[in-house]
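Coordinates from model.cif are shown below (mmCIF, C-alpha atoms and all ligand atoms).
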data_run
loop_
_atom_site.group_PDB
_atom_site.id
_atom_site.type_symbol
_atom_site.label_atom_id
_atom_site.label_comp_id
_atom_site.auth_asym_id
_atom_site.auth_seq_id
_atom_site.Cartn_x
_atom_site.Cartn_y
_atom_site.Cartn_z
ATOM 1 C CA ALA K 27 99.568 146.338 96.320
ATOM 2 C CA LYS K 28 99.907 148.912 99.076
ATOM 3 C CA GLU K 29 96.634 147.533 100.572
ATOM 4 C CA ALA K 30 98.134 144.091 100.816
ATOM 5 C CA GLY K 31 99.162 144.534 104.418
ATOM 6 C CA ARG K 32 95.603 145.156 105.573
ATOM 7 C CA ASN K 33 93.700 142.789 103.295
ATOM 8 C CA ASN K 34 95.429 139.722 104.489
ATOM 9 C CA PHE K 35 92.968 137.342 102.832
ATOM 10 C CA HIS K 36 94.401 138.294 99.426
ATOM 11 C CA PHE K 37 97.468 136.454 100.483
ATOM 12 C CA TYR K 38 95.534 133.231 100.998
ATOM 13 C CA THR K 39 93.485 133.342 97.773
ATOM 14 C CA GLY K 40 96.601 134.153 95.756
ATOM 15 C CA ALA K 41 98.460 132.155 93.122
ATOM 16 C CA PRO K 42 97.401 128.539 92.528
ATOM 17 C CA THR K 43 99.746 125.833 93.721
ATOM 18 C CA PRO K 44 101.667 123.874 91.063
ATOM 19 C CA LEU K 45 99.259 120.951 91.531
ATOM 20 C CA GLU K 46 96.203 123.197 91.089
ATOM 21 C CA ARG K 47 97.743 124.706 87.981
ATOM 22 C CA ARG K 48 98.487 121.284 86.510
ATOM 23 C CA THR K 49 94.973 120.017 87.228
ATOM 24 C CA LEU K 50 93.463 123.135 85.656
ATOM 25 C CA SER K 51 95.501 122.790 82.496
ATOM 26 C CA ILE K 52 94.560 119.114 82.162
ATOM 27 C CA GLU K 53 90.914 120.091 82.688
ATOM 28 C CA GLN K 54 91.073 122.682 79.946
ATOM 29 C CA ARG K 55 92.700 120.322 77.491
ATOM 30 C CA LEU K 56 90.211 117.554 78.296
ATOM 31 C CA ARG K 57 87.262 119.870 77.729
ATOM 32 C CA ARG K 58 88.692 121.145 74.466
ATOM 33 C CA GLY K 59 89.401 117.663 73.145
ATOM 34 C CA VAL K 60 86.970 116.205 70.640
ATOM 35 C CA GLU K 61 85.997 112.590 71.323
ATOM 36 C CA GLY K 62 89.160 110.670 71.931
ATOM 37 C CA GLN K 63 91.349 113.123 70.071
ATOM 38 C CA GLY K 64 94.948 112.800 71.137
ATOM 39 C CA PHE K 65 94.343 109.599 73.044
ATOM 40 C CA GLN K 66 95.763 106.191 72.299
ATOM 41 C CA LEU K 67 95.074 102.646 73.444
ATOM 42 C CA VAL K 68 97.699 100.098 74.357
ATOM 43 C CA TYR K 69 97.108 96.402 74.959
ATOM 44 C CA GLN K 70 98.704 94.282 77.666
ATOM 45 C CA PRO K 71 98.732 90.503 77.161
ATOM 46 C CA ILE K 72 96.993 88.096 79.530
ATOM 47 C CA VAL K 73 98.173 84.486 79.393
ATOM 48 C CA ASP K 74 97.168 81.065 80.660
ATOM 49 C CA THR K 75 99.384 80.326 83.686
ATOM 50 C CA HIS K 76 99.763 76.673 82.677
ATOM 51 C CA THR K 77 100.358 76.784 78.942
ATOM 52 C CA GLY K 78 101.682 80.340 78.630
ATOM 53 C CA SER K 79 99.481 80.886 75.601
ATOM 54 C CA VAL K 80 97.750 84.212 75.149
ATOM 55 C CA ARG K 81 94.146 84.301 76.333
ATOM 56 C CA GLY K 82 93.415 87.980 76.182
ATOM 57 C CA ALA K 83 94.521 91.554 76.597
ATOM 58 C CA GLU K 84 93.601 94.565 78.678
ATOM 59 C CA ALA K 85 93.094 97.830 76.810
ATOM 60 C CA LEU K 86 94.745 100.720 78.646
ATOM 61 C CA LEU K 87 94.317 104.386 77.808
ATOM 62 C CA ARG K 88 97.295 106.615 77.058
ATOM 63 C CA TRP K 89 97.433 110.358 76.566
ATOM 64 C CA PRO K 90 100.719 111.372 74.962
ATOM 65 C CA GLN K 91 101.665 115.039 75.243
ATOM 66 C CA PRO K 92 103.300 116.685 72.252
ATOM 67 C CA ASP K 93 105.408 118.867 74.536
ATOM 68 C CA GLY K 94 106.416 116.638 77.393
ATOM 69 C CA ASP K 95 105.776 113.644 79.585
ATOM 70 C CA PRO K 96 102.628 111.639 78.916
ATOM 71 C CA ILE K 97 99.882 112.108 81.505
ATOM 72 C CA GLY K 98 98.871 108.796 83.089
ATOM 73 C CA PRO K 99 95.288 107.512 83.413
ATOM 74 C CA GLU K 100 95.557 107.523 87.196
ATOM 75 C CA LEU K 101 95.765 111.319 86.926
ATOM 76 C CA PHE K 102 93.510 112.189 83.994
ATOM 77 C CA ILE K 103 90.645 109.678 84.467
ATOM 78 C CA PRO K 104 89.477 111.253 87.764
ATOM 79 C CA ILE K 105 89.656 114.696 86.154
ATOM 80 C CA ALA K 106 87.714 113.444 83.111
ATOM 81 C CA GLU K 107 85.094 112.143 85.549
ATOM 82 C CA SER K 108 84.814 115.390 87.438
ATOM 83 C CA VAL K 109 84.516 117.637 84.370
ATOM 84 C CA GLY K 110 81.992 115.319 82.712
ATOM 85 C CA VAL K 111 83.934 114.090 79.694
ATOM 86 C CA ILE K 112 84.299 110.491 80.886
ATOM 87 C CA GLN K 113 81.189 109.439 78.915
ATOM 88 C CA SER K 114 82.544 110.574 75.582
ATOM 89 C CA LEU K 115 86.040 109.317 76.379
ATOM 90 C CA GLY K 116 84.583 105.964 77.431
ATOM 91 C CA ARG K 117 82.544 105.714 74.225
ATOM 92 C CA TRP K 118 85.690 106.390 72.226
ATOM 93 C CA VAL K 119 87.506 103.589 74.062
ATOM 94 C CA PHE K 120 84.666 101.119 73.379
ATOM 95 C CA GLY K 121 84.558 102.036 69.724
ATOM 96 C CA GLU K 122 88.314 101.742 69.289
ATOM 97 C CA VAL K 123 88.554 98.394 71.043
ATOM 98 C CA CYS K 124 85.651 96.939 69.032
ATOM 99 C CA LYS K 125 87.268 98.103 65.781
ATOM 100 C CA GLN K 126 90.613 96.659 66.870
ATOM 101 C CA VAL K 127 89.111 93.287 67.782
ATOM 102 C CA VAL K 128 87.290 93.060 64.434
ATOM 103 C CA GLN K 129 90.577 93.883 62.687
ATOM 104 C CA TRP K 130 92.574 91.301 64.660
ATOM 105 C CA GLN K 131 90.013 88.627 63.831
ATOM 106 C CA ALA K 132 90.201 89.539 60.148
ATOM 107 C CA ASP K 133 93.998 89.304 60.393
ATOM 108 C CA GLY K 134 93.737 85.803 61.839
ATOM 109 C CA LEU K 135 94.447 86.335 65.528
ATOM 110 C CA PRO K 136 93.010 83.528 67.692
ATOM 111 C CA ALA K 137 89.784 84.318 69.564
ATOM 112 C CA ILE K 138 91.113 86.184 72.583
ATOM 113 C CA THR K 139 89.151 88.374 75.003
ATOM 114 C CA VAL K 140 89.928 92.068 75.226
ATOM 115 C CA ALA K 141 89.135 93.761 78.537
ATOM 116 C CA ILE K 142 87.922 97.350 78.793
ATOM 117 C CA ASN K 143 88.061 99.374 82.010
ATOM 118 C CA VAL K 144 84.821 101.102 82.918
ATOM 119 C CA SER K 145 84.824 104.014 85.337
ATOM 120 C CA PRO K 146 82.219 103.928 88.148
ATOM 121 C CA ILE K 147 80.798 107.272 86.998
ATOM 122 C CA GLN K 148 80.541 105.974 83.448
ATOM 123 C CA PHE K 149 78.835 102.786 84.616
ATOM 124 C CA ARG K 150 76.220 104.588 86.692
ATOM 125 C CA HIS K 151 75.317 107.040 83.917
ATOM 126 C CA GLN K 152 71.919 106.206 82.415
ATOM 127 C CA GLY K 153 73.280 106.457 78.874
ATOM 128 C CA PHE K 154 75.922 103.803 79.532
ATOM 129 C CA LEU K 155 74.076 100.665 78.469
ATOM 130 C CA PRO K 156 72.289 102.022 75.360
ATOM 131 C CA SER K 157 75.462 103.594 73.982
ATOM 132 C CA LEU K 158 77.468 100.440 74.660
ATOM 133 C CA LEU K 159 74.909 98.260 72.871
ATOM 134 C CA ASN K 160 74.899 100.688 69.959
ATOM 135 C CA ILE K 161 78.652 100.605 69.541
ATOM 136 C CA LEU K 162 78.665 96.814 69.764
ATOM 137 C CA ARG K 163 76.025 96.538 67.048
ATOM 138 C CA GLU K 164 77.648 99.103 64.753
ATOM 139 C CA SER K 165 81.085 97.514 65.001
ATOM 140 C CA GLY K 166 79.808 94.026 64.286
ATOM 141 C CA VAL K 167 82.225 92.643 66.870
ATOM 142 C CA ASN K 168 81.617 89.260 68.491
ATOM 143 C CA PRO K 169 80.573 90.334 72.044
ATOM 144 C CA GLY K 170 82.101 87.124 73.373
ATOM 145 C CA LEU K 171 85.501 88.681 72.709
ATOM 146 C CA ILE K 172 84.876 91.729 74.909
ATOM 147 C CA SER K 173 85.000 91.839 78.671
ATOM 148 C CA LEU K 174 84.350 94.763 81.009
ATOM 149 C CA GLU K 175 86.376 95.490 84.142
ATOM 150 C CA LEU K 176 84.717 97.242 87.045
ATOM 151 C CA THR K 177 85.876 97.948 90.571
ATOM 152 C CA GLU K 178 83.915 97.072 93.681
ATOM 153 C CA SER K 179 83.220 100.698 94.486
ATOM 154 C CA ALA K 180 81.424 101.053 91.154
ATOM 155 C CA LEU K 181 79.016 98.271 91.976
ATOM 156 C CA ILE K 182 78.312 98.417 95.654
ATOM 157 C CA LYS K 183 76.676 101.858 95.649
ATOM 158 C CA ASP K 184 73.623 100.315 94.028
ATOM 159 C CA ILE K 185 73.983 96.588 94.044
ATOM 160 C CA ASP K 186 70.482 95.839 92.695
ATOM 161 C CA GLU K 187 71.036 98.091 89.705
ATOM 162 C CA SER K 188 74.475 96.549 89.130
ATOM 163 C CA VAL K 189 73.032 93.040 89.200
ATOM 164 C CA LYS K 190 70.460 94.065 86.566
ATOM 165 C CA THR K 191 73.004 95.752 84.307
ATOM 166 C CA PHE K 192 75.394 92.806 84.580
ATOM 167 C CA SER K 193 72.642 90.379 83.642
ATOM 168 C CA ILE K 194 71.904 92.363 80.490
ATOM 169 C CA LEU K 195 75.596 92.621 79.571
ATOM 170 C CA ARG K 196 76.006 88.876 79.950
ATOM 171 C CA GLU K 197 72.831 88.126 77.980
ATOM 172 C CA VAL K 198 74.365 90.114 75.149
ATOM 173 C CA GLY K 199 77.438 87.896 75.395
ATOM 174 C CA LEU K 200 79.961 90.162 77.114
ATOM 175 C CA SER K 201 81.856 88.947 80.137
ATOM 176 C CA VAL K 202 82.303 90.930 83.318
ATOM 177 C CA ALA K 203 85.306 91.079 85.641
ATOM 178 C CA LEU K 204 85.685 92.497 89.115
ATOM 179 C CA ASP K 205 88.833 94.634 89.027
ATOM 180 C CA ASP K 206 91.255 95.401 91.876
ATOM 181 C CA PHE K 207 89.638 92.691 93.961
ATOM 182 C CA GLY K 208 90.247 92.990 97.686
ATOM 183 C CA THR K 209 91.056 96.696 97.736
ATOM 184 C CA GLY K 210 87.456 97.864 98.286
ATOM 185 C CA TYR K 211 85.162 97.628 101.248
ATOM 186 C CA SER K 212 82.391 95.463 99.904
ATOM 187 C CA SER K 213 81.040 92.540 101.818
ATOM 188 C CA LEU K 214 81.471 89.087 100.392
ATOM 189 C CA SER K 215 77.750 88.358 100.599
ATOM 190 C CA GLN K 216 77.073 91.326 98.338
ATOM 191 C CA LEU K 217 79.765 90.287 95.912
ATOM 192 C CA ALA K 218 78.350 86.784 95.722
ATOM 193 C CA ARG K 219 75.108 88.276 94.360
ATOM 194 C CA LEU K 220 76.831 89.764 91.325
ATOM 195 C CA PRO K 221 76.665 87.707 88.144
ATOM 196 C CA LEU K 222 80.420 87.808 87.467
ATOM 197 C CA ASP K 223 82.717 85.919 85.131
ATOM 198 C CA LYS K 224 86.156 86.922 86.411
ATOM 199 C CA LEU K 225 88.006 88.138 89.420
ATOM 200 C CA LYS K 226 91.161 90.198 89.023
ATOM 201 C CA ILE K 227 93.589 89.982 91.909
ATOM 202 C CA ASP K 228 94.977 93.440 92.525
ATOM 203 C CA ARG K 229 98.623 94.158 91.857
ATOM 204 C CA SER K 230 99.212 95.123 95.492
ATOM 205 C CA PHE K 231 98.495 91.530 96.573
ATOM 206 C CA VAL K 232 100.563 89.946 93.830
ATOM 207 C CA LYS K 233 103.439 92.156 94.934
ATOM 208 C CA GLY K 234 103.189 90.482 98.341
ATOM 209 C CA ILE K 235 104.005 87.029 96.959
ATOM 210 C CA GLU K 236 107.748 87.703 96.944
ATOM 211 C CA GLY K 237 107.763 89.303 100.372
ATOM 212 C CA GLY K 238 106.598 86.138 102.115
ATOM 213 C CA GLY K 239 104.793 86.688 105.429
ATOM 214 C CA ALA K 240 101.079 87.276 104.994
ATOM 215 C CA GLY K 241 101.497 87.921 101.252
ATOM 216 C CA PRO K 242 101.329 84.421 99.782
ATOM 217 C CA PRO K 243 98.476 83.188 102.057
ATOM 218 C CA ILE K 244 96.366 86.219 101.104
ATOM 219 C CA VAL K 245 96.807 85.552 97.399
ATOM 220 C CA GLU K 246 96.044 81.899 97.987
ATOM 221 C CA ALA K 247 92.851 82.803 99.868
ATOM 222 C CA ILE K 248 91.656 85.069 97.056
ATOM 223 C CA ILE K 249 92.304 82.310 94.530
ATOM 224 C CA ALA K 250 90.386 79.833 96.694
ATOM 225 C CA LEU K 251 87.469 82.259 96.903
ATOM 226 C CA GLY K 252 87.480 82.599 93.130
ATOM 227 C CA HIS K 253 87.345 78.818 92.765
ATOM 228 C CA THR K 254 84.472 78.601 95.250
ATOM 229 C CA LEU K 255 82.486 81.212 93.337
ATOM 230 C CA ASN K 256 83.328 79.443 90.089
ATOM 231 C CA LEU K 257 85.071 82.458 88.597
ATOM 232 C CA GLU K 258 87.961 82.776 86.228
ATOM 233 C CA ILE K 259 90.858 84.234 88.227
ATOM 234 C CA VAL K 260 93.320 86.671 86.710
ATOM 235 C CA ALA K 261 96.344 87.997 88.589
ATOM 236 C CA GLU K 262 97.692 91.396 87.536
ATOM 237 C CA GLY K 263 101.108 92.897 88.213
ATOM 238 C CA VAL K 264 103.045 89.654 87.680
ATOM 239 C CA GLU K 265 106.632 90.885 87.584
ATOM 240 C CA THR K 266 108.767 87.789 88.217
ATOM 241 C CA GLN K 267 109.112 84.119 87.363
ATOM 242 C CA GLN K 268 108.555 83.395 91.034
ATOM 243 C CA ASP K 269 105.172 85.206 91.038
ATOM 244 C CA LEU K 270 104.077 83.240 88.002
ATOM 245 C CA ALA K 271 105.209 79.893 89.425
ATOM 246 C CA PHE K 272 103.325 80.544 92.662
ATOM 247 C CA LEU K 273 100.143 81.525 90.837
ATOM 248 C CA ARG K 274 100.349 78.458 88.609
ATOM 249 C CA GLU K 275 100.841 76.175 91.576
ATOM 250 C CA LYS K 276 97.843 77.692 93.373
ATOM 251 C CA ARG K 277 95.724 77.266 90.240
ATOM 252 C CA CYS K 278 95.204 80.911 89.351
ATOM 253 C CA HIS K 279 94.021 80.640 85.742
ATOM 254 C CA GLN K 280 95.506 83.670 84.055
ATOM 255 C CA ALA K 281 98.307 86.172 84.558
ATOM 256 C CA GLN K 282 99.133 89.680 83.379
ATOM 257 C CA GLY K 283 102.181 91.787 84.149
ATOM 258 C CA TYR K 284 105.545 93.109 83.053
ATOM 259 C CA PHE K 285 107.108 89.648 83.358
ATOM 260 C CA ILE K 286 104.743 88.459 80.637
ATOM 261 C CA GLY K 287 104.432 91.563 78.512
ATOM 262 C CA ARG K 288 104.186 95.340 78.698
ATOM 263 C CA PRO K 289 101.213 97.252 77.324
ATOM 264 C CA MET K 290 101.798 97.768 73.563
ATOM 265 C CA ILE K 291 100.085 99.458 70.643
ATOM 266 C CA GLY K 292 97.760 97.282 68.553
ATOM 267 C CA ASN K 293 100.245 96.288 65.848
ATOM 268 C CA ALA K 294 102.938 95.409 68.350
ATOM 269 C CA PHE K 295 100.447 93.309 70.305
ATOM 270 C CA PHE K 296 99.540 91.416 67.137
ATOM 271 C CA GLU K 297 103.241 90.712 66.524
ATOM 272 C CA TRP K 298 103.704 89.668 70.137
ATOM 273 C CA CYS K 299 100.866 87.154 69.792
ATOM 274 C CA THR K 300 102.306 85.603 66.657
ATOM 275 C CA MET K 301 105.675 85.219 68.433
ATOM 276 C CA ASN K 302 104.122 83.790 71.611
ATOM 277 C CA THR K 303 101.672 81.295 70.172
ATOM 278 C CA PRO K 304 103.025 77.836 70.985
HETATM 279 P P1 LIG K 401 94.071 98.849 86.344
HETATM 280 O O1 LIG K 401 92.784 98.589 85.649
HETATM 281 O O2 LIG K 401 94.294 98.179 87.655
HETATM 282 O O3 LIG K 401 95.199 98.481 85.271
HETATM 283 C C1 LIG K 401 96.407 97.858 85.584
HETATM 284 C C2 LIG K 401 97.534 98.867 85.701
HETATM 285 O O4 LIG K 401 98.701 98.173 86.117
HETATM 286 C C3 LIG K 401 97.908 99.532 84.387
HETATM 287 O O5 LIG K 401 98.352 100.847 84.691
HETATM 288 C C4 LIG K 401 99.086 98.686 83.901
HETATM 289 O O6 LIG K 401 99.948 99.356 82.998
HETATM 290 C C5 LIG K 401 99.762 98.405 85.225
HETATM 291 N N1 LIG K 401 100.588 97.195 85.201
HETATM 292 C C6 LIG K 401 100.396 96.066 84.476
HETATM 293 N N2 LIG K 401 101.319 95.126 84.764
HETATM 294 C C7 LIG K 401 102.137 95.668 85.693
HETATM 295 C C8 LIG K 401 103.307 95.183 86.402
HETATM 296 O O7 LIG K 401 103.763 94.061 86.225
HETATM 297 N N3 LIG K 401 103.864 96.039 87.305
HETATM 298 C C9 LIG K 401 103.377 97.288 87.523
HETATM 299 N N4 LIG K 401 104.000 98.050 88.424
HETATM 300 N N5 LIG K 401 102.286 97.772 86.887
HETATM 301 C C10 LIG K 401 101.670 96.975 85.988
HETATM 302 P P2 LIG K 401 97.900 102.107 83.832
HETATM 303 O O8 LIG K 401 97.857 101.747 82.386
HETATM 304 O O9 LIG K 401 98.718 103.265 84.271
HETATM 305 O O10 LIG K 401 96.396 102.324 84.295
HETATM 306 C C11 LIG K 401 96.110 102.726 85.596
HETATM 307 C C12 LIG K 401 94.633 102.675 85.864
HETATM 308 O O11 LIG K 401 93.940 103.624 85.049
HETATM 309 C C13 LIG K 401 94.012 101.333 85.521
HETATM 310 O O12 LIG K 401 94.241 100.450 86.587
HETATM 311 C C14 LIG K 401 92.565 101.730 85.343
HETATM 312 O O13 LIG K 401 91.919 101.820 86.601
HETATM 313 C C15 LIG K 401 92.686 103.128 84.754
HETATM 314 N N6 LIG K 401 92.480 103.055 83.290
HETATM 315 C C16 LIG K 401 93.372 102.767 82.310
HETATM 316 N N7 LIG K 401 92.777 102.785 81.091
HETATM 317 C C17 LIG K 401 91.470 103.103 81.306
HETATM 318 C C18 LIG K 401 90.330 103.282 80.439
HETATM 319 O O14 LIG K 401 90.353 103.111 79.203
HETATM 320 N N8 LIG K 401 89.151 103.630 81.059
HETATM 321 C C19 LIG K 401 89.045 103.784 82.406
HETATM 322 N N9 LIG K 401 87.864 104.124 82.925
HETATM 323 N N10 LIG K 401 90.091 103.607 83.234
HETATM 324 C C20 LIG K 401 91.294 103.275 82.697
HETATM 325 CA CA CA K 402 91.719 96.861 84.890
HETATM 326 CA CA CA K 403 94.613 96.995 89.700
HETATM 327 CA CA CA K 404 92.885 100.286 89.334
#
Let me see the structure of the file written as structure tokens.
Ligand code: C2E
Ligand code: CA
Ligand code: CA
Ligand code: CA
Amino acid sequence: AKEAGRNNFHFYTGAPTPLERRTLSIEQRLRRGVEGQGFQLVYQPIVDTHTGSVRGAEALLRWPQPDGDPIGPELFIPIAESVGVIQSLGRWVFGEVCKQVVQWQADGLPAITVAINVSPIQFRHQGFLPSLLNILRESGVNPGLISLELTESALIKDIDESVKTFSILREVGLSVALDDFGTGYSSLSQLARLPLDKLKIDRSFVKGIEGGGAGPPIVEAIIALGHTLNLEIVAEGVETQQDLAFLREKRCHQAQGYFIGRPMIGNAFFEWCTMNTP
């Protein structure tokens, strides 16, 4: 301690900041965790903008903490990617969703599509496709009821490889959605090459509907692009009646957001569907 005055660099390499400490503790817990242990999936409804009937759900990962606030996916997914546990976490998510879909079908839920988010790192890993196909086969799920959501950044790095992988996924019967559309930097000509089924309009654009100005025309342009490319268009982050009315009028096919329904655990989602089936 009495050297501290001379060895100034000790001062700079000293105690970790609160953020560093938090990241480190999440890292340690993620590494320690067995596949999926302590995680939970919730399901957010996706409805037809015209009829209001449920068409699908998006599976969203939750990580409740026994001793405090839950840690959100926006924080722990990037850490899971950087410490190399995203593959096993992703496999757990696939397995859980497939099991859930099989269960819902057995319980008499209509044939709705459940969307799974796939991280770019997960998608580019060479084990991705084989392990996905394995889980599909083992679960016995109808692949037509599963859709995968990927962001532009995941696909553009190697567009040829992405085109190939997408073709295989679609041959198997899965559908593929481009997530957070419009927030990336991809060129439209590259996007047009991808064999896609759906386009998801990012929440940030849907938010702009209420604000007026450039907001509504941008959403309208994205919808028009989706129609041109013959894609199913899903708007996320629909928070008001006004948002929904606008999207319906502009012929956006499906909507997801707090105005329609919050993410819920599997049983609650099942109940929600039985209450909301016209
Ligand atoms: P995302 O794929 O864009 O998912 C939509 C996010 O918007 C979800 O946040 C959802 O809860 C939230 N949301 C839905 N409707 C509304 C609304 O009306 N208003 C507002 N303000 N928010 C709404 P969440 O669950 O925190 O997930 C954040 C991101 O984490 C997701 O963004 C996705 O990129 C990632 N993520 C979640 N689950 C998984 C997973 O299982 N695997 C991977 N790789 N990523 C996941
Ligand atoms: Ca998504
Ligand atoms: Ca989004
Ligand atoms: Ca996102």
On this file, the PyMOL selection byres (((not hetatm)) within 10 of (chain K and resi 404)) gives some set of residues; write that set as a PDB file with C-alpha atoms, in the frame of the given file.
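File written: part26.pdb
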ATOM      1  CA  PRO K  99      95.288 107.512  83.413  1.00  0.00           C
ATOM      2  CA  GLU K 100      95.557 107.523  87.196  1.00  0.00           C
ATOM      3  CA  ASN K 143      88.061  99.374  82.010  1.00  0.00           C
ATOM      4  CA  SER K 145      84.824 104.014  85.337  1.00  0.00           C
ATOM      5  CA  GLU K 175      86.376  95.490  84.142  1.00  0.00           C
ATOM      6  CA  LEU K 176      84.717  97.242  87.045  1.00  0.00           C
ATOM      7  CA  THR K 177      85.876  97.948  90.571  1.00  0.00           C
ATOM      8  CA  ASP K 205      88.833  94.634  89.027  1.00  0.00           C
ATOM      9  CA  ASP K 206      91.255  95.401  91.876  1.00  0.00           C
ATOM     10  CA  PHE K 207      89.638  92.691  93.961  1.00  0.00           C
ATOM     11  CA  THR K 209      91.056  96.696  97.736  1.00  0.00           C
ATOM     12  CA  ASP K 228      94.977  93.440  92.525  1.00  0.00           C
ATOM     13  CA  ARG K 229      98.623  94.158  91.857  1.00  0.00           C
TER      14      ARG K 229
END
_Within 12 Å of ligand CA 402 (chain K) (counting only C-alpha atoms and all ligand atoms), which residues show up? I'd like them as a PyMOL selection string._
chain K and resi 69-70+72+83-87+99-100+140-145+173-178+202-207+224-229+260-263+282-283
Preceding selection exported with C-alpha atoms as a JSON list (two decimals), in the coordinates of the input:
[["chain", "number", "residue", "atom", "x", "y", "z"],
["K", 69, "TYR", "CA", 97.11, 96.40, 74.96],
["K", 70, "GLN", "CA", 98.70, 94.28, 77.67],
["K", 72, "ILE", "CA", 96.99, 88.10, 79.53],
["K", 83, "ALA", "CA", 94.52, 91.55, 76.60],
["K", 84, "GLU", "CA", 93.60, 94.56, 78.68],
["K", 85, "ALA", "CA", 93.09, 97.83, 76.81],
["K", 86, "LEU", "CA", 94.74, 100.72, 78.65],
["K", 87, "LEU", "CA", 94.32, 104.39, 77.81],
["K", 99, "PRO", "CA", 95.29, 107.51, 83.41],
["K", 100, "GLU", "CA", 95.56, 107.52, 87.20],
["K", 140, "VAL", "CA", 89.93, 92.07, 75.23],
["K", 141, "ALA", "CA", 89.14, 93.76, 78.54],
["K", 142, "ILE", "CA", 87.92, 97.35, 78.79],
["K", 143, "ASN", "CA", 88.06, 99.37, 82.01],
["K", 144, "VAL", "CA", 84.82, 101.10, 82.92],
["K", 145, "SER", "CA", 84.82, 104.01, 85.34],
["K", 173, "SER", "CA", 85.00, 91.84, 78.67],
["K", 174, "LEU", "CA", 84.35, 94.76, 81.01],
["K", 175, "GLU", "CA", 86.38, 95.49, 84.14],
["K", 176, "LEU", "CA", 84.72, 97.24, 87.04],
["K", 177, "THR", "CA", 85.88, 97.95, 90.57],
["K", 178, "GLU", "CA", 83.92, 97.07, 93.68],
["K", 202, "VAL", "CA", 82.30, 90.93, 83.32],
["K", 203, "ALA", "CA", 85.31, 91.08, 85.64],
["K", 204, "LEU", "CA", 85.68, 92.50, 89.12],
["K", 205, "ASP", "CA", 88.83, 94.63, 89.03],
["K", 206, "ASP", "CA", 91.26, 95.40, 91.88],
["K", 207, "PHE", "CA", 89.64, 92.69, 93.96],
["K", 224, "LYS", "CA", 86.16, 86.92, 86.41],
["K", 225, "LEU", "CA", 88.01, 88.14, 89.42],
["K", 226, "LYS", "CA", 91.16, 90.20, 89.02],
["K", 227, "ILE", "CA", 93.59, 89.98, 91.91],
["K", 228, "ASP", "CA", 94.98, 93.44, 92.52],
["K", 229, "ARG", "CA", 98.62, 94.16, 91.86],
["K", 260, "VAL", "CA", 93.32, 86.67, 86.71],
["K", 261, "ALA", "CA", 96.34, 88.00, 88.59],
["K", 262, "GLU", "CA", 97.69, 91.40, 87.54],
["K", 263, "GLY", "CA", 101.11, 92.90, 88.21],
["K", 282, "GLN", "CA", 99.13, 89.68, 83.38],
["K", 283, "GLY", "CA", 102.18, 91.79, 84.15]]
*asked:* Which residues would end up in the selection if the PyMOL selection byres (((chain K and resi 162-171) around 8) and not hetatm) were applied here, given that I need the answer as a ChimeraX atom specification?
replied: /K:121,124-125,127-128,137-140,158-161,172-173,198-201
*Measuring atom to atom with only C-alpha atoms, identify which of K:Ser51, K:Gln91, K:Thr43, K:Thr300 is nearest to Gly64 of chain K.*
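Nearest candidate to Gly64 of chain K out of K:Ser51, K:Gln91, K:Thr43, K:Thr300: K:Gln91.
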*asked:* Show me, as a PyMOL selection string, the residues that have an atom within 12 Å of Leu214 of chain K when counting only C-alpha atoms, minus same-chain residues fewer than 2 positions from it.
replied: chain K and resi 178+182+207-208+210-212+216-220+248+251-252+255
When the PyMOL selection byres (((chain K and resi 49) around 12) and not hetatm) is applied to the structure above, which residues does it catch, written out as a CSV table (one decimal) with C-alpha atoms, keeping the file's coordinate frame?
chain,number,residue,atom,x,y,z
K,42,PRO,CA,97.4,128.5,92.5
K,43,THR,CA,99.7,125.8,93.7
K,44,PRO,CA,101.7,123.9,91.1
K,45,LEU,CA,99.3,121.0,91.5
K,46,GLU,CA,96.2,123.2,91.1
K,47,ARG,CA,97.7,124.7,88.0
K,48,ARG,CA,98.5,121.3,86.5
K,50,LEU,CA,93.5,123.1,85.7
K,51,SER,CA,95.5,122.8,82.5
K,52,ILE,CA,94.6,119.1,82.2
K,53,GLU,CA,90.9,120.1,82.7
K,54,GLN,CA,91.1,122.7,79.9
K,55,ARG,CA,92.7,120.3,77.5
K,56,LEU,CA,90.2,117.6,78.3
K,97,ILE,CA,99.9,112.1,81.5
K,101,LEU,CA,95.8,111.3,86.9
K,102,PHE,CA,93.5,112.2,84.0
K,103,ILE,CA,90.6,109.7,84.5
K,104,PRO,CA,89.5,111.3,87.8
K,105,ILE,CA,89.7,114.7,86.2
K,106,ALA,CA,87.7,113.4,83.1
K,108,SER,CA,84.8,115.4,87.4
K,109,VAL,CA,84.5,117.6,84.4
Provide an axis-aligned box for all listed atoms of ligand LIG 401 (chain K), padding each side by 3 Å; report its centre and its edge lengths in Å to one decimal, as lines of an AutoDock Vina configuration file.
center_x = 95.9
center_y = 99.1
center_z = 83.8
size_x = 22.1
size_y = 16.1
size_z = 15.2
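Of the listed residues K:His253, K:Lys233, K:Arg277, K:Arg58, the one whose atoms come nearest to ligand CA 403 (chain K) is K:Lys233, with distances taken using all atoms listed in the file.
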*Quick one: of K:Asp223, K:Glu107, K:Glu265, K:Glu275, who's nearest to Glu246 of chain K, counting only C-alpha atoms?*
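Under the stated criterion, the closest residue is K:Glu275.
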*asked:* Please determine, counting all atoms listed in the file, which residue among K:Ala281, K:Val80, K:Met290, K:Leu273 has the shortest atom-to-atom distance to Pro243 of chain K.
replied: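 So, comparing all the options, the nearest one is K:Leu273.
Interatomic distance, atom CA of Phe154 of chain K to atom CA of Gln113 of chain K: 7.7 Å.
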